[in-house]
file target08.txt (compact mmCIF, C-alpha atoms)
# COMPACT_ATOMS: atom_id res chain seq x y z
CA MET A 30 -162.80 -90.58 7.98
CA ILE A 31 -159.52 -91.89 6.57
CA LEU A 32 -158.17 -88.35 6.45
CA ALA A 33 -159.17 -87.80 10.09
CA SER A 34 -157.40 -90.95 11.30
CA TRP A 35 -154.36 -90.08 9.20
CA LEU A 36 -154.32 -86.60 10.75
CA LEU A 37 -154.63 -88.09 14.26
CA ASP A 38 -151.70 -90.43 13.64
CA ALA A 39 -149.53 -87.65 12.23
CA LEU A 40 -150.40 -85.38 15.16
CA LEU A 41 -149.62 -88.19 17.62
CA ALA A 42 -146.25 -88.92 16.02
CA ALA A 43 -145.28 -85.24 15.91
CA LEU A 44 -146.40 -84.73 19.51
CA LEU A 45 -144.39 -87.76 20.69
CA LEU A 46 -141.22 -86.52 19.02
CA TRP A 47 -141.74 -82.99 20.36
CA LEU A 48 -142.40 -84.28 23.90
CA ALA A 49 -139.33 -86.52 23.76
CA TRP A 50 -137.18 -83.56 22.74
CA ARG A 51 -138.70 -81.28 25.37
CA LEU A 52 -138.28 -83.74 28.22
CA LEU A 53 -134.67 -84.47 27.32
CA ALA A 54 -133.82 -80.78 26.92
CA SER A 55 -135.66 -79.56 30.01
CA PRO A 56 -133.31 -78.33 32.75
CA ASP A 57 -136.11 -78.61 35.36
CA LEU A 58 -136.24 -82.24 36.57
CA PHE A 59 -139.83 -82.05 37.84
CA LYS A 60 -141.03 -80.70 34.49
CA ALA A 61 -139.08 -83.43 32.69
CA VAL A 62 -140.78 -86.13 34.78
CA VAL A 63 -144.25 -84.69 34.13
CA LEU A 64 -143.43 -84.57 30.41
CA PHE A 65 -142.24 -88.19 30.63
CA ILE A 66 -145.59 -89.26 32.12
CA VAL A 67 -147.46 -87.43 29.35
CA PHE A 68 -145.14 -89.08 26.83
CA GLY A 69 -145.97 -92.51 28.31
CA LEU A 70 -149.71 -91.89 28.08
CA LEU A 71 -149.47 -90.70 24.48
CA MET A 72 -147.23 -93.68 23.70
CA ALA A 73 -149.98 -95.94 25.06
CA LEU A 74 -152.39 -94.18 22.70
CA ALA A 75 -149.96 -94.79 19.84
CA TRP A 76 -149.80 -98.51 20.67
CA ALA A 77 -153.59 -98.61 20.72
CA ARG A 78 -153.63 -96.93 17.27
CA LEU A 79 -151.17 -99.59 16.06
CA ALA A 80 -153.73 -102.26 17.09
CA ALA A 81 -151.59 -103.50 19.99
CA PRO A 82 -153.89 -103.09 23.01
CA ASP A 83 -151.76 -105.42 25.17
CA LEU A 84 -148.76 -103.17 24.78
CA ALA A 85 -150.93 -100.10 25.33
CA LEU A 86 -152.13 -101.49 28.68
CA ALA A 87 -148.61 -102.35 29.79
CA GLU A 88 -147.25 -98.98 28.66
CA ALA A 89 -149.96 -97.04 30.49
CA ALA A 90 -149.63 -99.06 33.70
CA ILE A 91 -145.86 -99.56 33.89
CA GLY A 92 -144.37 -96.97 31.53
CA ALA A 93 -146.44 -93.98 32.56
CA GLY A 94 -147.86 -94.97 35.96
CA LEU A 95 -145.24 -96.84 37.96
CA THR A 96 -142.13 -95.40 36.33
CA GLY A 97 -143.62 -91.91 36.63
CA ALA A 98 -144.31 -92.44 40.34
CA LEU A 99 -140.77 -93.77 40.85
CA LEU A 100 -139.23 -90.81 39.02
CA LEU A 101 -141.38 -88.29 40.92
CA ASP A 102 -140.26 -89.95 44.16
CA ALA A 103 -136.63 -89.68 43.07
CA VAL A 104 -137.03 -85.99 42.18
CA GLY A 105 -138.58 -85.40 45.62
CA HIS A 106 -135.57 -87.06 47.26
CA LEU A 107 -133.12 -85.02 45.19
CA GLN A 108 -134.81 -81.70 45.94
CA ARG A 109 -135.15 -82.45 49.64
CA GLY A 110 -131.48 -83.38 49.71
CA ARG A 111 -130.63 -80.09 48.02
CA ARG A 112 -132.72 -77.99 50.41
CA HIS A 113 -131.13 -79.48 53.57
CA PRO A 114 -127.58 -80.31 52.56
CA GLY A 115 -126.57 -80.91 56.19
CA ASP A 116 -129.15 -83.68 56.78
CA ALA A 117 -127.48 -86.48 54.91
CA PRO A 118 -124.39 -87.89 56.62
CA MET B 178 -113.85 -72.33 31.33
CA THR B 179 -110.75 -71.46 29.34
CA ALA B 180 -110.84 -70.77 25.63
CA PRO B 181 -109.06 -74.00 24.45
CA ALA B 182 -111.38 -76.14 26.63
CA LEU B 183 -114.37 -74.33 25.15
CA ARG B 184 -113.10 -74.97 21.63
CA THR B 185 -112.51 -78.67 22.39
CA SER B 186 -116.02 -79.11 23.75
CA ALA B 187 -117.51 -77.34 20.70
CA LEU B 188 -115.46 -79.60 18.42
CA LEU B 189 -116.51 -82.65 20.43
CA ARG B 190 -120.13 -81.60 20.08
CA ILE B 191 -119.87 -81.31 16.30
CA VAL B 192 -118.11 -84.69 16.06
CA THR B 193 -120.80 -86.26 18.26
CA ARG B 194 -123.57 -84.80 16.13
CA VAL B 195 -122.03 -86.10 12.92
CA ALA B 196 -121.48 -89.55 14.45
CA VAL B 197 -125.04 -89.73 15.80
CA THR B 198 -126.49 -88.63 12.45
CA LEU B 199 -124.41 -91.25 10.59
CA LEU B 200 -125.52 -93.93 13.06
CA ALA B 201 -129.17 -92.93 12.64
CA VAL B 202 -128.90 -93.06 8.84
CA ALA B 203 -127.15 -96.45 9.01
CA LEU B 204 -129.82 -97.87 11.34
CA ALA B 205 -132.61 -96.53 9.12
CA THR B 206 -131.10 -98.07 5.97
CA ALA B 207 -130.55 -101.36 7.81
CA MET B 208 -134.23 -101.35 8.87
CA LEU B 209 -135.38 -100.65 5.30
CA ASP B 210 -133.08 -103.34 3.91
CA LEU B 211 -134.44 -106.09 6.16
CA PRO B 212 -135.88 -108.95 4.12
CA SER B 213 -139.56 -109.57 4.75
CA PRO B 214 -140.00 -112.79 6.80
CA THR B 215 -140.99 -115.86 4.80
CA THR B 216 -142.97 -117.53 7.60
CA SER B 217 -145.72 -115.64 9.37
CA LEU B 218 -145.52 -116.35 13.10
CA ALA B 219 -148.92 -114.76 13.58
CA GLN B 220 -150.47 -117.35 11.25
CA ILE B 221 -148.79 -120.24 13.07
CA VAL B 222 -150.06 -118.92 16.40
CA GLN B 223 -153.59 -118.56 14.99
CA GLN B 224 -153.49 -122.13 13.65
CA HIS B 225 -152.52 -123.61 17.03
CA LEU B 226 -154.59 -121.28 19.20
CA GLY B 227 -157.10 -124.06 19.84
CA ASP B 228 -154.42 -126.19 21.53
CA SER B 229 -153.23 -123.48 23.89
CA GLY B 230 -156.08 -123.42 26.41
CA VAL B 231 -156.76 -119.68 25.94
CA ARG B 232 -158.43 -117.71 23.17
CA HIS B 233 -156.20 -114.61 23.12
CA PRO B 234 -153.08 -115.01 20.94
CA VAL B 235 -150.84 -112.78 23.09
CA THR B 236 -151.63 -114.74 26.26
CA ALA B 237 -151.19 -117.99 24.33
CA VAL B 238 -147.69 -116.94 23.30
CA LEU B 239 -146.71 -115.57 26.72
CA LEU B 240 -148.05 -118.40 28.88
CA ASN B 241 -147.96 -121.40 26.57
CA PHE B 242 -145.96 -121.30 23.32
CA ARG B 243 -143.13 -119.17 24.74
CA ALA B 244 -143.77 -119.73 28.46
CA TYR B 245 -140.05 -120.42 28.91
CA ASP B 246 -139.30 -116.73 28.25
CA THR B 247 -141.94 -115.63 30.75
CA LEU B 248 -140.53 -118.02 33.37
CA LEU B 249 -137.06 -116.54 32.93
CA GLU B 250 -138.48 -113.01 33.00
CA ILE B 251 -140.04 -113.70 36.39
CA ALA B 252 -136.74 -115.14 37.62
CA VAL B 253 -134.87 -112.00 36.49
CA LEU B 254 -137.46 -109.75 38.11
CA LEU B 255 -137.16 -111.74 41.35
CA LEU B 256 -133.37 -111.37 41.29
CA ALA B 257 -133.70 -107.60 40.80
CA VAL B 258 -136.09 -107.40 43.76
CA LEU B 259 -133.70 -109.48 45.90
CA GLY B 260 -130.91 -107.06 45.01
CA GLY B 261 -133.09 -104.09 45.89
CA LEU B 262 -134.13 -105.61 49.21
CA ALA B 263 -130.55 -106.46 50.11
CA LEU B 264 -129.40 -102.91 49.36
CA ARG B 265 -132.21 -101.38 51.40
CA LEU B 266 -131.64 -103.65 54.39
CA ALA B 267 -127.94 -102.76 54.28
CA ALA B 268 -128.82 -99.06 54.25
CA GLY B 269 -130.87 -99.46 57.42
CA ASP B 270 -134.08 -97.99 56.05
CA SER B 271 -137.15 -97.29 58.16
CA PRO B 272 -140.84 -96.88 57.30
CA MET B 273 -141.89 -93.69 55.57
CA PRO B 274 -143.41 -91.20 58.00
CA ALA B 275 -147.15 -90.97 57.44
CA ALA B 276 -146.91 -87.30 56.51
CA ALA B 277 -149.58 -87.12 53.84
CA SER B 278 -152.36 -88.79 55.85
CA ALA B 279 -153.63 -85.49 57.22
CA SER B 280 -155.63 -84.55 54.13
CA PRO B 281 -159.24 -85.84 54.26
CA VAL B 282 -159.58 -85.49 50.47
CA LEU B 283 -156.66 -87.82 49.90
CA ALA B 284 -157.99 -90.30 52.47
CA GLY B 285 -161.43 -90.30 50.83
CA LEU B 286 -159.93 -90.73 47.37
CA VAL B 287 -157.83 -93.66 48.54
CA HIS B 288 -160.93 -95.25 50.12
CA LEU B 289 -162.75 -94.96 46.80
CA LEU B 290 -159.92 -95.87 44.47
CA VAL B 291 -158.22 -98.85 46.08
CA PRO B 292 -161.23 -101.25 45.96
CA LEU B 293 -161.86 -100.18 42.35
CA ILE B 294 -158.22 -100.81 41.46
CA VAL B 295 -158.29 -104.29 43.01
CA LEU B 296 -161.49 -105.05 41.11
CA LEU B 297 -159.88 -103.85 37.88
CA ALA B 298 -156.84 -106.05 38.50
CA GLY B 299 -159.12 -109.06 38.96
CA TYR B 300 -160.93 -108.20 35.72
CA LEU B 301 -157.67 -107.82 33.79
CA LEU B 302 -156.47 -111.18 35.09
CA TRP B 303 -159.69 -112.92 34.05
CA ALA B 304 -159.88 -111.09 30.72
CA GLY B 305 -156.37 -112.24 29.79
CA ALA B 306 -157.75 -115.57 28.57
CA HIS B 307 -159.77 -114.09 25.72
CA ARG B 308 -158.86 -110.42 25.25
CA PRO B 309 -156.01 -107.99 26.09
CA GLY B 310 -155.04 -108.27 29.73
CA GLY B 311 -153.21 -110.82 31.82
CA ALA B 312 -150.81 -111.24 34.70
CA PHE B 313 -148.40 -108.40 33.96
CA GLN B 314 -151.11 -105.80 33.56
CA ALA B 315 -153.02 -107.06 36.60
CA GLY B 316 -149.81 -107.08 38.64
CA ALA B 317 -148.92 -103.53 37.58
CA VAL B 318 -152.39 -102.31 38.54
CA LEU B 319 -152.14 -104.04 41.93
CA ALA B 320 -148.74 -102.42 42.45
CA ALA B 321 -150.30 -99.05 41.63
CA ALA B 322 -152.81 -99.60 44.45
CA GLY B 323 -149.92 -100.34 46.80
CA VAL B 324 -148.03 -97.24 45.67
CA LEU B 325 -151.14 -95.12 46.27
CA LEU B 326 -151.56 -96.55 49.77
CA ARG B 327 -147.93 -95.95 50.58
CA LEU B 328 -147.88 -92.39 49.26
CA ALA B 329 -151.02 -91.64 51.28
CA GLY B 330 -149.22 -92.94 54.36
CA ARG B 331 -151.92 -95.56 54.99
CA TRP B 332 -149.68 -98.54 54.69
CA THR B 333 -145.95 -99.11 54.81
CA PRO B 334 -145.68 -102.35 52.92
CA LEU B 335 -142.60 -104.54 52.87
CA LEU B 336 -140.66 -102.43 55.35
CA PRO B 337 -139.15 -104.83 56.36
CA PRO B 338 -140.80 -107.62 54.35
CA SER B 339 -142.82 -109.93 56.59
CA ALA B 340 -142.83 -113.69 56.11
CA LEU B 341 -146.15 -113.32 54.27
CA ALA B 342 -144.75 -110.69 51.91
CA ARG B 343 -141.68 -112.82 51.23
CA GLY B 344 -143.98 -115.73 50.43
CA GLY B 345 -146.02 -113.50 48.13
CA LEU B 346 -142.90 -112.37 46.29
CA LEU B 347 -141.85 -115.98 45.73
CA ILE B 348 -145.13 -117.78 45.08
CA GLY B 349 -145.47 -116.80 41.42
CA PHE B 350 -142.07 -118.18 40.47
CA ILE B 351 -142.48 -121.28 42.65
CA VAL B 352 -145.87 -122.24 41.19
CA PHE B 353 -144.70 -121.54 37.63
CA LEU B 354 -141.56 -123.63 38.15
CA THR B 355 -143.54 -126.45 39.79
CA VAL B 356 -145.90 -126.65 36.81
CA ALA B 357 -142.94 -126.51 34.41
CA LEU B 358 -141.06 -129.28 36.22
CA SER B 359 -144.06 -131.52 36.84
CA ALA B 360 -144.51 -131.75 33.07
CA LEU B 361 -140.89 -132.89 32.89
CA LEU B 362 -141.39 -135.49 35.65
CA THR B 363 -144.52 -136.98 34.08
CA GLY B 364 -142.64 -137.73 30.88
CA GLY B 365 -143.31 -134.60 28.81
CA VAL B 366 -141.03 -131.73 27.93
CA LEU B 367 -140.45 -128.69 30.14
CA LEU B 368 -143.56 -126.50 30.45
CA GLU B 369 -145.77 -128.85 28.43
CA TYR B 370 -149.20 -128.48 29.98
CA PRO B 371 -151.57 -131.45 29.87
CA ARG B 372 -154.11 -130.68 27.10
CA THR B 373 -157.24 -130.98 29.24
CA TRP B 374 -155.86 -128.83 32.07
CA ALA B 375 -154.13 -126.14 30.04
CA SER B 376 -156.60 -123.31 30.60
CA GLU B 377 -156.94 -123.99 34.35
CA LEU B 378 -153.18 -124.20 34.78
CA ILE B 379 -152.66 -120.96 32.84
CA LEU B 380 -155.26 -119.20 34.99
CA LEU B 381 -153.61 -120.52 38.18
CA ILE B 382 -150.16 -119.40 37.03
CA GLU B 383 -151.48 -115.99 35.98
CA ALA B 384 -153.27 -115.50 39.30
CA VAL B 385 -150.20 -116.19 41.43
CA LEU B 386 -148.02 -114.27 39.00
CA SER B 387 -150.20 -111.15 39.33
CA VAL B 388 -149.80 -111.21 43.11
CA SER B 389 -146.04 -111.73 42.86
CA ILE B 390 -145.53 -109.14 40.12
CA GLY B 391 -147.60 -106.60 42.06
CA LEU B 392 -145.52 -107.18 45.18
CA MET B 393 -142.26 -107.10 43.21
CA LEU B 394 -143.00 -103.76 41.54
CA LEU B 395 -144.22 -102.36 44.84
CA SER B 396 -141.13 -103.53 46.70
CA LEU B 397 -138.95 -101.89 44.05
CA PHE B 398 -140.92 -98.67 44.59
CA SER B 399 -140.85 -98.72 48.38
CA GLY B 400 -137.25 -99.89 48.21
CA ALA B 401 -136.20 -96.29 47.67
CA THR B 402 -134.63 -94.95 50.83
CA THR B 403 -136.56 -92.37 52.80
CA PRO B 404 -135.18 -88.82 52.58
CA GLY B 405 -132.50 -87.89 55.07
CA ARG B 406 -131.90 -91.47 56.16
CA ARG B 407 -129.39 -92.53 53.57

call {"tool": "encode", "arguments": {"input": "target08.txt", "output": "structure tokens"}}
result
Amino acid sequence: MILASWLLDALLAALLLWLAWRLLASPDLFKAVVLFIVFGLLMALAWARLAAPDLALAEAAIGAGLTGALLLDAVGHLQRGRRHPGDAP
Amino acid sequence: MTAPALRTSALLRIVTRVAVTLLAVALATAMLDLPSPTTSLAQIVQQHLGDSGVRHPVTAVLLNFRAYDTLLEIAVLLLAVLGGLALRLAAGDSPMPAAASASPVLAGLVHLLVPLIVLLAGYLLWAGAHRPGGAFQAGAVLAAAGVLLRLAGRWTPLLPPSALARGGLLIGFIVFLTVALSALLTGGVLLEYPRTWASELILLIEAVLSVSIGLMLLSLFSGATTPGRR
């Protein structure tokens, strides 16, 4: 049981670091945003593992949910702007 | 790119890497060298939890022991929203076209999800007194419902903000400040709740704060200009 929880924590930490690297290095903005949302959800899981459920709730709602929606919106704007360069004055 | 420029950027990259590595090592050693605190804040909070009016230590700290910080946080958030609104009004934004409303699946999902989300926000608000939850979480969940409605094209909130929406944005800060100042006027110190009313006052503040925080986050989200209208 202790080994299993230790393995889970190690996997979570490694996954977080890997996701952080991938989302920073990704040239595709949409992919980076999706990775960021996954990162936020796993971060919430990490907070829950650290016995901080308040932070986990806030991270899931604000960090992954709202920030992810905002970033997706921004990527949509950027791509639409790129597709019709003549639209914006 | 010319060869000297390429060489400079490669050199710059190496220098940056060395500097970042040194900084990381320095920060790590500083963290490891920190002396362990002599007083345990967690113990002090646990000892005085009975006086706070709530049974959850995090809520007790946020809304009672360190309520001053929360009050200022709300003020800062309100200022950010005011800035966002001012920028959007200057840009001459208009409501988002209801493009996504054609899909019946999306409409059905929104019908199912939004009442559930509002219920969950109410639960989180109520749960804040004795377990993880509270105004910020409830507000964020409410804002998520608003974002969903806006993305589905069912509602174009706060474009431009009506008098009701402006009131909703302000009410959390106003009520919080009124409670804080009334303690001052009745001879106490700022934000000192009367013992017998502490839990009711905290619930009232949290309820209005959830509404305000939800509207604030939502207005920051819908404050983004619509494509092609910048």

call {"tool": "atom_distance", "arguments": {"input": "target08.txt", "atom1": "CA of Gly349 (chain B)", "atom2": "CA of Val385 (chain B)"}}
result
4.8 Å

call {"tool": "axis_aligned_box", "arguments": {"input": "target08.txt", "around": "region 84-103 of chain A", "padding_each_side": "5 Å", "output": "lines of an AutoDock Vina configuration file"}}
result
center_x = -144.4
center_y = -95.7
center_z = 34.5
size_x = 25.5
size_y = 24.9
size_z = 29.4

call {"tool": "interface_residues", "arguments": {"input": "target08.txt", "of": "chain B", "to": "chain A", "cutoff": "12 Å", "atoms": "all atoms listed in the file", "output": "compact mmCIF listing (two decimals) with C-alpha atoms, in the frame of the given file"}}
result
# COMPACT_ATOMS: atom_id res chain seq x y z
CA HIS B 233 -156.20 -114.61 23.12
CA PRO B 234 -153.08 -115.01 20.94
CA VAL B 235 -150.84 -112.78 23.09
CA THR B 236 -151.63 -114.74 26.26
CA LEU B 239 -146.71 -115.57 26.72
CA ILE B 294 -158.22 -100.81 41.46
CA ALA B 298 -156.84 -106.05 38.50
CA LEU B 301 -157.67 -107.82 33.79
CA ALA B 304 -159.88 -111.09 30.72
CA GLY B 305 -156.37 -112.24 29.79
CA HIS B 307 -159.77 -114.09 25.72
CA ARG B 308 -158.86 -110.42 25.25
CA PRO B 309 -156.01 -107.99 26.09
CA GLY B 310 -155.04 -108.27 29.73
CA GLY B 311 -153.21 -110.82 31.82
CA ALA B 312 -150.81 -111.24 34.70
CA PHE B 313 -148.40 -108.40 33.96
CA GLN B 314 -151.11 -105.80 33.56
CA ALA B 315 -153.02 -107.06 36.60
CA GLY B 316 -149.81 -107.08 38.64
CA ALA B 317 -148.92 -103.53 37.58
CA VAL B 318 -152.39 -102.31 38.54
CA LEU B 319 -152.14 -104.04 41.93
CA ALA B 320 -148.74 -102.42 42.45
CA ALA B 321 -150.30 -99.05 41.63
CA ALA B 322 -152.81 -99.60 44.45
CA GLY B 323 -149.92 -100.34 46.80
CA VAL B 324 -148.03 -97.24 45.67
CA LEU B 325 -151.14 -95.12 46.27
CA ARG B 327 -147.93 -95.95 50.58
CA LEU B 328 -147.88 -92.39 49.26
CA ILE B 390 -145.53 -109.14 40.12
CA GLY B 391 -147.60 -106.60 42.06
CA MET B 393 -142.26 -107.10 43.21
CA LEU B 394 -143.00 -103.76 41.54
CA LEU B 395 -144.22 -102.36 44.84
CA SER B 396 -141.13 -103.53 46.70
CA LEU B 397 -138.95 -101.89 44.05
CA PHE B 398 -140.92 -98.67 44.59
CA SER B 399 -140.85 -98.72 48.38
CA GLY B 400 -137.25 -99.89 48.21
CA ALA B 401 -136.20 -96.29 47.67
CA THR B 402 -134.63 -94.95 50.83
CA THR B 403 -136.56 -92.37 52.80
CA PRO B 404 -135.18 -88.82 52.58
CA GLY B 405 -132.50 -87.89 55.07
CA ARG B 406 -131.90 -91.47 56.16
CA ARG B 407 -129.39 -92.53 53.57

call {"tool": "atom_distance", "arguments": {"input": "target08.txt", "atom1": "CA of Leu209 (chain B)", "atom2": "CA of Gly92 (chain A)"}}
result
28.0 Å

call {"tool": "closest_residue", "arguments": {"input": "target08.txt", "among": "B:Ile382, B:Ala284, B:Leu226, B:Ala196", "to": "Ala357 (chain B)", "atoms": "all atoms listed in the file"}}
result
B:Ile382

call {"tool": "atom_distance", "arguments": {"input": "target08.txt", "atom1": "CA of Ala340 (chain B)", "atom2": "CA of Leu254 (chain B)"}}
result
19.2 Å

call {"tool": "residues_around", "arguments": {"input": "target08.txt", "residues": "Gly97 (chain A)", "least_positions_apart": "5", "cutoff": "8 Å", "atoms": "all atoms listed in the file", "output": "JSON, numbers by chain"}}
result
{"A": [62, 63, 65, 66, 92]}

call {"tool": "closest_residue", "arguments": {"input": "target08.txt", "among": "A:Asp38, A:Leu48, A:Met30, A:Leu58", "to": "Ala77 (chain A)", "atoms": "all atoms listed in the file"}}
result
A:Asp38

call {"tool": "residues_around", "arguments": {"input": "target08.txt", "residues": "region 42-47 of chain A", "least_positions_apart": "6", "cutoff": "8 Å", "atoms": "all atoms listed in the file", "output": "ChimeraX atom specification"}}
result
/A:68,71-72,75

call {"tool": "build_atoms", "arguments": {"input": "target08.txt", "residues": "region 37-57 of chain A", "atoms": "N, CA and C atoms", "output": "mmCIF file, keeping the file's coordinate frame"}}
result
data_model
loop_
_atom_site.group_PDB
_atom_site.id
_atom_site.type_symbol
_atom_site.label_atom_id
_atom_site.label_comp_id
_atom_site.auth_asym_id
_atom_site.auth_seq_id
_atom_site.Cartn_x
_atom_site.Cartn_y
_atom_site.Cartn_z
ATOM 1 N N LEU A 37 -154.847 -87.735 12.845
ATOM 2 C CA LEU A 37 -154.630 -88.090 14.260
ATOM 3 C C LEU A 37 -153.286 -88.768 14.431
ATOM 4 N N ASP A 38 -152.980 -89.717 13.535
ATOM 5 C CA ASP A 38 -151.700 -90.430 13.640
ATOM 6 C C ASP A 38 -150.527 -89.474 13.461
ATOM 7 N N ALA A 39 -150.628 -88.588 12.479
ATOM 8 C CA ALA A 39 -149.530 -87.650 12.230
ATOM 9 C C ALA A 39 -149.350 -86.719 13.433
ATOM 10 N N LEU A 40 -150.458 -86.255 13.986
ATOM 11 C CA LEU A 40 -150.400 -85.380 15.160
ATOM 12 C C LEU A 40 -149.752 -86.114 16.336
ATOM 13 N N LEU A 41 -150.154 -87.383 16.520
ATOM 14 C CA LEU A 41 -149.620 -88.190 17.620
ATOM 15 C C LEU A 41 -148.114 -88.372 17.471
ATOM 16 N N ALA A 42 -147.675 -88.700 16.248
ATOM 17 C CA ALA A 42 -146.250 -88.920 16.020
ATOM 18 C C ALA A 42 -145.469 -87.633 16.268
ATOM 19 N N ALA A 43 -145.980 -86.519 15.743
ATOM 20 C CA ALA A 43 -145.280 -85.240 15.910
ATOM 21 C C ALA A 43 -145.219 -84.861 17.386
ATOM 22 N N LEU A 44 -146.336 -85.074 18.100
ATOM 23 C CA LEU A 44 -146.400 -84.730 19.510
ATOM 24 C C LEU A 44 -145.418 -85.568 20.328
ATOM 25 N N LEU A 45 -145.306 -86.866 19.973
ATOM 26 C CA LEU A 45 -144.390 -87.760 20.690
ATOM 27 C C LEU A 45 -142.945 -87.287 20.518
ATOM 28 N N LEU A 46 -142.588 -86.972 19.272
ATOM 29 C CA LEU A 46 -141.220 -86.520 19.020
ATOM 30 C C LEU A 46 -140.942 -85.205 19.754
ATOM 31 N N TRP A 47 -141.913 -84.295 19.703
ATOM 32 C CA TRP A 47 -141.740 -82.990 20.360
ATOM 33 C C TRP A 47 -141.598 -83.172 21.874
ATOM 34 N N LEU A 48 -142.470 -84.031 22.455
ATOM 35 C CA LEU A 48 -142.400 -84.280 23.900
ATOM 36 C C LEU A 48 -141.071 -84.900 24.285
ATOM 37 N N ALA A 49 -140.602 -85.860 23.464
ATOM 38 C CA ALA A 49 -139.330 -86.520 23.760
ATOM 39 C C ALA A 49 -138.203 -85.491 23.786
ATOM 40 N N TRP A 50 -138.212 -84.592 22.790
ATOM 41 C CA TRP A 50 -137.180 -83.560 22.740
ATOM 42 C C TRP A 50 -137.289 -82.639 23.940
ATOM 43 N N ARG A 51 -138.507 -82.210 24.261
ATOM 44 C CA ARG A 51 -138.700 -81.280 25.370
ATOM 45 C C ARG A 51 -138.251 -81.882 26.699
ATOM 46 N N LEU A 52 -138.599 -83.170 26.906
ATOM 47 C CA LEU A 52 -138.280 -83.740 28.220
ATOM 48 C C LEU A 52 -136.789 -84.011 28.358
ATOM 49 N N LEU A 53 -136.123 -84.270 27.234
ATOM 50 C CA LEU A 53 -134.670 -84.470 27.320
ATOM 51 C C LEU A 53 -133.949 -83.135 27.488
ATOM 52 N N ALA A 54 -134.504 -82.071 26.898
ATOM 53 C CA ALA A 54 -133.820 -80.780 26.920
ATOM 54 C C ALA A 54 -134.184 -79.955 28.143
ATOM 55 N N SER A 55 -135.198 -80.395 28.907
ATOM 56 C CA SER A 55 -135.660 -79.560 30.010
ATOM 57 C C SER A 55 -134.659 -79.551 31.157
ATOM 58 N N PRO A 56 -134.239 -78.382 31.620
ATOM 59 C CA PRO A 56 -133.310 -78.330 32.750
ATOM 60 C C PRO A 56 -134.014 -78.595 34.089
ATOM 61 N N ASP A 57 -135.354 -78.403 34.126
ATOM 62 C CA ASP A 57 -136.110 -78.610 35.360
ATOM 63 C C ASP A 57 -136.522 -80.086 35.449
#
